[in-house]
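Below: one structure, written as structure tokens.
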Amino acid sequence: MASSAVTVENDGSVTEFLDGVTHPVRRRDAFTVLALMERVTGEPARMWGTSIVGFGSYHFVYASGREGDWLALGFSPRKAATTVYLMDGFEDRGDMLARLGPHTLGSSCLYLKDLTTIDLDVLEELARTSYAAVVGREG
């Protein structure tokens with residue numbers, strides 16, 4: 001059974017989307033994260049849905065039979081914070097998270113309010129290890 005997800009990779013303009021971010025800190029941070037993730041993945045940025053910028057993709061299959069494709073690494077400049085999507089989660093990354101600086105977590109989401117308050121080298125390390133884990137596994 002294939003996924004009928006609304007958030008799919010598309011040909012939307014990443015630059016136009018980021019230029020349209022009204023919050024000045026989110027817009028500034030978005031371009032920083034864009035460059036960081038391009039460097040980490042070697043992949044071009046692609047829009048996923050209308051508000052997520054993704055890099056690379058992987059195929060997933062759940063035990064239920066649901067399957068689909070999803071971004072391997074990505075981010076979104078949301079109103080409250082920049083959301084970084086680390087698709088393999090945060091298990092065994094406590095040391096990196098402790099060195100990162102102010103953040104909050106969701107299941108595969110890292111929320112950052114202002115990149116000037118965090119260690120960008122640690123963010124790059126988190127992005128690199130997550131991306132490698134995701135693209136290296138089979139659906």
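Residue numbering restarts at 1 in every chain; chains get A, B, ... in the order shown in the structure tokens, and ligands count up from 1 in that same order.
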
**Q.** Polymer residues at most 8 Å from range 72-86 of chain A, only C-alpha atoms, same-chain spacing of 2 or more positions, as a VMD selection string
**A.** chain A and resid 21 23 26 to 27 29 to 30 33 37 51 to 58 70 88 to 90 108 to 114 126 to 127 130 to 131 134 to 135

Q: List every residue of range 4-122 of chain A that DSSP, applied to the backbone, labels as strand (DSSP E or B), and write the result as a PyMOL selection string.
A: chain A and resi 9-10+46-48+52-61+67-77+82-86+104-105+109-112

**Q.** Pick from A:Glu125, A:Glu91, A:Asp11, A:Asp119, whichever lies nearest to Pro44 in chain A using only C-alpha atoms
**A.**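 Using only C-alpha atoms, Pro44 in chain A sits closest to A:Asp11.
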
Q. CA of Ala98 in chain A and CA of Val122 in chain A are how many Å apart?
A.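 We find that CA of Ala98 in chain A and CA of Val122 in chain A lie 9.6 Å from each other.
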
May I have all residues of chain A that DSSP, computed from the backbone, assigns to helix (DSSP H, G or I), given as a short mmCIF file (atom, residue, chain, number, x, y, z; two decimals) with all heavy atoms, in the first residue's frame?
```cif
data_model
loop_
_atom_site.label_atom_id
_atom_site.label_comp_id
_atom_site.auth_asym_id
_atom_site.auth_seq_id
_atom_site.Cartn_x
_atom_site.Cartn_y
_atom_site.Cartn_z
N VAL A 14 13.16 26.68 -3.52
CA VAL A 14 13.65 26.80 -2.14
C VAL A 14 14.00 28.25 -1.83
O VAL A 14 13.64 28.78 -0.78
CB VAL A 14 14.87 25.88 -1.93
CG1 VAL A 14 15.53 26.15 -0.58
CG2 VAL A 14 14.46 24.41 -2.04
N THR A 15 14.68 28.91 -2.75
CA THR A 15 15.08 30.31 -2.53
C THR A 15 13.87 31.22 -2.35
O THR A 15 13.84 32.04 -1.44
CB THR A 15 15.97 30.81 -3.68
OG1 THR A 15 17.10 29.94 -3.79
CG2 THR A 15 16.45 32.23 -3.43
N GLU A 16 12.86 31.06 -3.20
CA GLU A 16 11.65 31.87 -3.06
C GLU A 16 10.97 31.62 -1.72
O GLU A 16 10.49 32.55 -1.07
CB GLU A 16 10.67 31.60 -4.20
CG GLU A 16 11.07 32.27 -5.50
CD GLU A 16 10.07 31.99 -6.62
OE1 GLU A 16 8.90 31.64 -6.32
OE2 GLU A 16 10.48 32.10 -7.79
N PHE A 17 10.90 30.34 -1.32
CA PHE A 17 10.29 30.01 -0.03
C PHE A 17 11.05 30.69 1.10
O PHE A 17 10.46 31.35 1.96
CB PHE A 17 10.26 28.49 0.17
CG PHE A 17 9.94 28.09 1.58
CD1 PHE A 17 8.70 28.40 2.15
CD2 PHE A 17 10.87 27.41 2.34
CE1 PHE A 17 8.42 28.04 3.47
CE2 PHE A 17 10.59 27.05 3.65
CZ PHE A 17 9.36 27.36 4.22
N LEU A 18 12.37 30.56 1.12
CA LEU A 18 13.16 31.13 2.21
C LEU A 18 13.15 32.66 2.18
O LEU A 18 13.10 33.31 3.23
CB LEU A 18 14.59 30.60 2.18
CG LEU A 18 14.73 29.08 2.39
CD1 LEU A 18 16.19 28.68 2.35
CD2 LEU A 18 14.05 28.63 3.67
N ASP A 19 13.16 33.24 0.99
CA ASP A 19 13.07 34.70 0.88
C ASP A 19 11.75 35.22 1.45
O ASP A 19 11.67 36.36 1.91
CB ASP A 19 13.21 35.16 -0.58
CG ASP A 19 14.64 35.16 -1.07
OD1 ASP A 19 15.57 35.15 -0.24
OD2 ASP A 19 14.82 35.16 -2.31
N PRO A 24 12.75 37.72 10.79
CA PRO A 24 14.13 37.95 10.36
C PRO A 24 15.14 36.93 10.89
O PRO A 24 16.07 36.56 10.17
CB PRO A 24 14.44 39.36 10.87
CG PRO A 24 13.42 39.65 11.92
CD PRO A 24 12.20 38.84 11.58
N VAL A 25 14.97 36.47 12.12
CA VAL A 25 15.90 35.47 12.67
C VAL A 25 15.71 34.13 11.96
O VAL A 25 16.68 33.46 11.60
CB VAL A 25 15.74 35.33 14.20
CG1 VAL A 25 16.55 34.15 14.74
CG2 VAL A 25 16.14 36.62 14.90
N ARG A 26 14.46 33.74 11.73
CA ARG A 26 14.20 32.46 11.04
C ARG A 26 14.74 32.51 9.61
O ARG A 26 15.30 31.54 9.13
CB ARG A 26 12.71 32.15 10.98
CG ARG A 26 12.02 32.00 12.27
CD ARG A 26 12.37 30.74 13.08
NE ARG A 26 11.78 30.98 14.38
CZ ARG A 26 12.42 31.57 15.39
NH1 ARG A 26 13.69 31.87 15.29
NH2 ARG A 26 11.80 31.81 16.51
N ARG A 27 14.56 33.65 8.93
CA ARG A 27 15.06 33.78 7.55
C ARG A 27 16.58 33.69 7.54
O ARG A 27 17.16 32.94 6.76
CB ARG A 27 14.57 35.09 6.91
CG ARG A 27 14.94 35.20 5.44
CD ARG A 27 14.33 36.41 4.76
NE ARG A 27 14.57 37.65 5.48
CZ ARG A 27 13.64 38.32 6.16
NH1 ARG A 27 12.40 37.90 6.21
NH2 ARG A 27 13.94 39.45 6.79
N ARG A 28 17.25 34.44 8.43
CA ARG A 28 18.71 34.40 8.50
C ARG A 28 19.17 32.97 8.80
O ARG A 28 20.07 32.44 8.13
CB ARG A 28 19.18 35.35 9.60
CG ARG A 28 20.69 35.34 9.82
CD ARG A 28 21.08 35.81 11.21
NE ARG A 28 20.64 34.85 12.21
CZ ARG A 28 20.38 35.16 13.50
NH1 ARG A 28 20.50 36.41 13.92
NH2 ARG A 28 20.00 34.24 14.35
N ASP A 29 18.57 32.36 9.81
CA ASP A 29 18.97 31.00 10.20
C ASP A 29 18.70 29.99 9.09
O ASP A 29 19.47 29.05 8.90
CB ASP A 29 18.25 30.58 11.47
CG ASP A 29 18.76 31.30 12.71
OD1 ASP A 29 19.73 32.09 12.61
OD2 ASP A 29 18.18 31.07 13.80
N ALA A 30 17.61 30.20 8.32
CA ALA A 30 17.27 29.27 7.25
C ALA A 30 18.39 29.20 6.21
O ALA A 30 18.76 28.12 5.75
CB ALA A 30 15.95 29.67 6.60
N PHE A 31 18.93 30.34 5.84
CA PHE A 31 20.00 30.34 4.85
C PHE A 31 21.29 29.72 5.40
O PHE A 31 22.04 29.08 4.68
CB PHE A 31 20.22 31.74 4.28
CG PHE A 31 19.17 32.13 3.29
CD1 PHE A 31 18.12 32.97 3.66
CD2 PHE A 31 19.20 31.63 2.00
CE1 PHE A 31 17.13 33.31 2.74
CE2 PHE A 31 18.22 31.97 1.07
CZ PHE A 31 17.18 32.81 1.45
N THR A 32 21.51 29.86 6.71
CA THR A 32 22.66 29.21 7.35
C THR A 32 22.49 27.70 7.34
O THR A 32 23.41 26.96 6.99
CB THR A 32 22.82 29.72 8.81
OG1 THR A 32 23.01 31.13 8.78
CG2 THR A 32 23.99 29.05 9.50
N VAL A 33 21.30 27.22 7.71
CA VAL A 33 21.04 25.78 7.72
C VAL A 33 21.06 25.22 6.31
O VAL A 33 21.56 24.12 6.08
CB VAL A 33 19.71 25.46 8.44
CG1 VAL A 33 19.38 23.97 8.36
CG2 VAL A 33 19.77 25.89 9.91
N LEU A 34 20.54 25.96 5.35
CA LEU A 34 20.58 25.54 3.95
C LEU A 34 22.01 25.24 3.52
O LEU A 34 22.31 24.17 2.99
CB LEU A 34 19.97 26.63 3.07
CG LEU A 34 20.06 26.42 1.56
CD1 LEU A 34 19.13 25.30 1.12
CD2 LEU A 34 19.70 27.72 0.83
N ALA A 35 22.93 26.17 3.76
CA ALA A 35 24.33 25.98 3.37
C ALA A 35 24.95 24.81 4.13
O ALA A 35 25.69 24.01 3.54
CB ALA A 35 25.12 27.27 3.64
N LEU A 36 24.65 24.70 5.41
CA LEU A 36 25.20 23.61 6.22
C LEU A 36 24.74 22.26 5.68
O LEU A 36 25.55 21.34 5.51
CB LEU A 36 24.75 23.79 7.68
CG LEU A 36 25.24 22.77 8.69
CD1 LEU A 36 25.39 23.45 10.05
CD2 LEU A 36 24.28 21.60 8.83
N MET A 37 23.46 22.12 5.38
CA MET A 37 22.93 20.83 4.91
C MET A 37 23.37 20.51 3.50
O MET A 37 23.60 19.34 3.17
CB MET A 37 21.41 20.80 5.06
CG MET A 37 20.99 20.72 6.51
SD MET A 37 19.21 20.47 6.67
CE MET A 37 19.09 20.29 8.45
N GLU A 38 23.53 21.52 2.66
CA GLU A 38 24.09 21.26 1.32
C GLU A 38 25.50 20.73 1.44
O GLU A 38 25.90 19.80 0.73
CB GLU A 38 24.07 22.54 0.48
CG GLU A 38 22.70 22.90 -0.03
CD GLU A 38 22.66 24.22 -0.78
OE1 GLU A 38 23.54 25.09 -0.57
OE2 GLU A 38 21.72 24.41 -1.58
N ARG A 39 26.29 21.31 2.35
CA ARG A 39 27.67 20.88 2.57
C ARG A 39 27.71 19.45 3.11
O ARG A 39 28.49 18.62 2.65
CB ARG A 39 28.34 21.86 3.53
CG ARG A 39 29.80 21.66 3.76
CD ARG A 39 30.45 22.81 4.52
NE ARG A 39 29.85 23.09 5.83
CZ ARG A 39 29.10 24.16 6.12
NH1 ARG A 39 28.84 25.06 5.19
NH2 ARG A 39 28.61 24.33 7.33
N VAL A 40 26.85 19.15 4.07
CA VAL A 40 26.84 17.83 4.70
C VAL A 40 26.42 16.73 3.73
O VAL A 40 27.01 15.66 3.70
CB VAL A 40 25.88 17.84 5.93
CG1 VAL A 40 25.51 16.44 6.36
CG2 VAL A 40 26.51 18.60 7.08
N THR A 41 25.38 17.01 2.94
CA THR A 41 24.80 15.95 2.10
C THR A 41 25.35 15.89 0.69
O THR A 41 25.30 14.84 0.06
CB THR A 41 23.27 16.12 1.99
OG1 THR A 41 22.99 17.33 1.26
CG2 THR A 41 22.62 16.15 3.37
N GLY A 94 23.36 12.01 23.02
CA GLY A 94 23.27 12.86 24.21
C GLY A 94 24.47 13.78 24.37
O GLY A 94 24.33 14.95 24.74
N ASP A 95 25.67 13.29 24.07
CA ASP A 95 26.88 14.10 24.20
C ASP A 95 26.84 15.28 23.24
O ASP A 95 27.13 16.41 23.61
CB ASP A 95 28.13 13.25 23.96
CG ASP A 95 29.39 14.09 24.02
OD1 ASP A 95 29.64 14.72 25.08
OD2 ASP A 95 30.11 14.16 23.00
N MET A 96 26.46 15.00 22.00
CA MET A 96 26.37 16.09 21.01
C MET A 96 25.31 17.10 21.43
O MET A 96 25.53 18.31 21.34
CB MET A 96 26.05 15.53 19.63
CG MET A 96 27.24 14.93 18.91
SD MET A 96 26.81 14.48 17.22
CE MET A 96 26.45 12.75 17.43
N LEU A 97 24.15 16.61 21.86
CA LEU A 97 23.07 17.51 22.26
C LEU A 97 23.48 18.37 23.45
O LEU A 97 23.12 19.54 23.53
CB LEU A 97 21.81 16.71 22.57
CG LEU A 97 21.16 16.05 21.35
CD1 LEU A 97 20.07 15.08 21.79
CD2 LEU A 97 20.62 17.08 20.38
N ALA A 98 24.26 17.80 24.37
CA ALA A 98 24.72 18.55 25.53
C ALA A 98 25.66 19.68 25.12
O ALA A 98 25.71 20.73 25.77
CB ALA A 98 25.43 17.62 26.52
N ARG A 99 26.39 19.49 24.02
CA ARG A 99 27.33 20.50 23.53
C ARG A 99 26.69 21.50 22.59
O ARG A 99 27.27 22.53 22.27
CB ARG A 99 28.50 19.82 22.82
CG ARG A 99 29.39 19.01 23.74
CD ARG A 99 30.61 18.43 23.01
NE ARG A 99 30.23 17.34 22.10
CZ ARG A 99 30.44 17.33 20.78
NH1 ARG A 99 31.03 18.33 20.18
NH2 ARG A 99 30.06 16.30 20.05
N LEU A 100 25.48 21.22 22.11
CA LEU A 100 24.83 22.03 21.08
C LEU A 100 24.49 23.43 21.54
O LEU A 100 24.73 24.40 20.82
CB LEU A 100 23.56 21.32 20.59
CG LEU A 100 22.77 22.05 19.51
CD1 LEU A 100 23.60 22.23 18.24
CD2 LEU A 100 21.48 21.29 19.22
N LEU A 115 20.24 30.50 15.90
CA LEU A 115 21.50 29.79 15.65
C LEU A 115 22.71 30.50 16.24
O LEU A 115 23.75 29.86 16.43
CB LEU A 115 21.72 29.59 14.15
CG LEU A 115 20.76 28.65 13.43
CD1 LEU A 115 21.24 28.41 12.01
CD2 LEU A 115 20.54 27.35 14.15
N THR A 116 22.59 31.78 16.58
CA THR A 116 23.74 32.46 17.19
C THR A 116 23.98 31.97 18.62
O THR A 116 25.03 32.26 19.19
CB THR A 116 23.57 34.00 17.20
OG1 THR A 116 22.47 34.35 18.02
CG2 THR A 116 23.39 34.54 15.79
N THR A 117 23.04 31.22 19.19
CA THR A 117 23.19 30.72 20.57
C THR A 117 23.66 29.28 20.63
O THR A 117 23.82 28.73 21.72
CB THR A 117 21.86 30.84 21.34
OG1 THR A 117 20.90 29.95 20.76
CG2 THR A 117 21.34 32.27 21.34
N LEU A 120 27.47 25.72 15.91
CA LEU A 120 27.16 25.27 14.56
C LEU A 120 27.97 24.03 14.15
O LEU A 120 27.50 23.23 13.34
CB LEU A 120 27.36 26.39 13.55
CG LEU A 120 26.31 27.50 13.60
CD1 LEU A 120 26.68 28.63 12.65
CD2 LEU A 120 24.92 26.96 13.26
N ASP A 121 29.16 23.87 14.70
CA ASP A 121 29.94 22.66 14.41
C ASP A 121 29.22 21.42 14.94
O ASP A 121 29.24 20.36 14.31
CB ASP A 121 31.35 22.75 15.01
CG ASP A 121 32.21 23.78 14.30
OD1 ASP A 121 31.94 24.11 13.12
OD2 ASP A 121 33.16 24.28 14.94
N VAL A 122 28.59 21.54 16.10
CA VAL A 122 27.84 20.42 16.67
C VAL A 122 26.59 20.16 15.83
O VAL A 122 26.25 19.01 15.56
CB VAL A 122 27.48 20.67 18.15
CG1 VAL A 122 26.60 19.55 18.69
CG2 VAL A 122 28.75 20.81 18.99
N LEU A 123 25.90 21.21 15.39
CA LEU A 123 24.74 21.02 14.52
C LEU A 123 25.16 20.30 13.25
O LEU A 123 24.48 19.39 12.78
CB LEU A 123 24.09 22.37 14.18
CG LEU A 123 22.86 22.28 13.27
CD1 LEU A 123 21.76 21.43 13.88
CD2 LEU A 123 22.36 23.68 12.94
N GLU A 124 26.29 20.68 12.70
CA GLU A 124 26.78 20.01 11.49
C GLU A 124 27.09 18.54 11.77
O GLU A 124 26.77 17.67 10.96
CB GLU A 124 28.01 20.74 10.94
CG GLU A 124 28.46 20.17 9.62
CD GLU A 124 29.44 21.07 8.88
OE1 GLU A 124 29.42 22.30 9.09
OE2 GLU A 124 30.21 20.53 8.08
N GLU A 125 27.68 18.26 12.91
CA GLU A 125 27.98 16.87 13.29
C GLU A 125 26.69 16.07 13.44
O GLU A 125 26.60 14.93 12.98
CB GLU A 125 28.78 16.89 14.60
CG GLU A 125 29.25 15.55 15.07
CD GLU A 125 30.04 15.64 16.39
OE1 GLU A 125 30.24 16.75 16.93
OE2 GLU A 125 30.43 14.56 16.89
N LEU A 126 25.68 16.65 14.08
CA LEU A 126 24.38 15.98 14.22
C LEU A 126 23.77 15.70 12.85
O LEU A 126 23.28 14.59 12.59
CB LEU A 126 23.42 16.84 15.05
CG LEU A 126 23.63 16.85 16.55
CD1 LEU A 126 22.92 18.05 17.18
CD2 LEU A 126 23.13 15.55 17.16
N ALA A 127 23.80 16.69 11.97
CA ALA A 127 23.24 16.53 10.63
C ALA A 127 23.99 15.46 9.85
O ALA A 127 23.38 14.61 9.20
CB ALA A 127 23.27 17.87 9.89
N ARG A 128 25.30 15.48 9.93
CA ARG A 128 26.13 14.52 9.18
C ARG A 128 25.87 13.09 9.64
O ARG A 128 25.68 12.18 8.83
CB ARG A 128 27.61 14.87 9.32
CG ARG A 128 28.52 13.93 8.53
CD ARG A 128 29.97 14.37 8.58
NE ARG A 128 30.14 15.52 7.70
CZ ARG A 128 30.40 16.78 8.12
NH1 ARG A 128 30.56 17.04 9.39
NH2 ARG A 128 30.52 17.74 7.25
N THR A 129 25.86 12.87 10.95
CA THR A 129 25.67 11.50 11.46
C THR A 129 24.26 11.00 11.18
O THR A 129 24.07 9.84 10.83
CB THR A 129 26.01 11.40 12.95
OG1 THR A 129 25.20 12.31 13.70
CG2 THR A 129 27.48 11.68 13.21
N SER A 130 23.27 11.88 11.29
CA SER A 130 21.89 11.48 11.01
C SER A 130 21.72 11.13 9.53
O SER A 130 21.15 10.09 9.19
CB SER A 130 20.92 12.58 11.41
OG SER A 130 19.59 12.21 11.10
N TYR A 131 22.21 11.99 8.67
CA TYR A 131 22.09 11.76 7.24
C TYR A 131 22.76 10.45 6.85
O TYR A 131 22.19 9.64 6.10
CB TYR A 131 22.69 12.93 6.47
CG TYR A 131 22.57 12.79 4.97
CD1 TYR A 131 21.36 13.00 4.33
CD2 TYR A 131 23.67 12.44 4.20
CE1 TYR A 131 21.24 12.87 2.96
CE2 TYR A 131 23.57 12.31 2.83
CZ TYR A 131 22.35 12.52 2.21
OH TYR A 131 22.23 12.39 0.86
N ALA A 132 23.96 10.21 7.35
CA ALA A 132 24.68 8.97 7.03
C ALA A 132 23.90 7.74 7.50
O ALA A 132 23.83 6.73 6.80
CB ALA A 132 26.07 8.99 7.67
N ALA A 133 23.29 7.82 8.68
CA ALA A 133 22.52 6.70 9.21
C ALA A 133 21.28 6.43 8.35
O ALA A 133 20.94 5.28 8.08
CB ALA A 133 22.12 6.96 10.65
N VAL A 134 20.62 7.48 7.89
CA VAL A 134 19.39 7.32 7.14
C VAL A 134 19.64 6.83 5.72
O VAL A 134 18.98 5.91 5.24
CB VAL A 134 18.58 8.64 7.12
CG1 VAL A 134 17.41 8.56 6.13
CG2 VAL A 134 18.08 8.96 8.51
N VAL A 135 20.59 7.41 5.02
CA VAL A 135 20.81 6.99 3.63
C VAL A 135 21.52 5.65 3.54
O VAL A 135 21.48 4.99 2.52
CB VAL A 135 21.56 8.06 2.79
CG1 VAL A 135 20.75 9.33 2.68
CG2 VAL A 135 22.94 8.32 3.33
#
```

Q. Which one is closest to Phe60 in chain A: A:Ile118, A:Met87, A:Val6, A:Leu105? Count only C-alpha atoms.
A.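 Ranking A:Ile118, A:Met87, A:Val6, A:Leu105 by distance to Phe60 in chain A, first place goes to A:Met87.
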
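Proximity to Leu71 in chain A was assessed for A:Gly101, A:Gly42, A:Gly136, A:His59 counting only C-alpha atoms; the smallest distance is recorded for A:His59.
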
Q | Selected residue of minimal separation from Gly49 in chain A among A:Gly68, A:Gly20, A:Gly12, A:Pro102, counting only C-alpha atoms | A |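 Under the stated criterion, the closest residue is A:Gly12.
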
Q: Provide the CA of Tyr62 in chain A to CA of Ser107 in chain A distance in Å, to one decimal place.
A: 16.8 Å
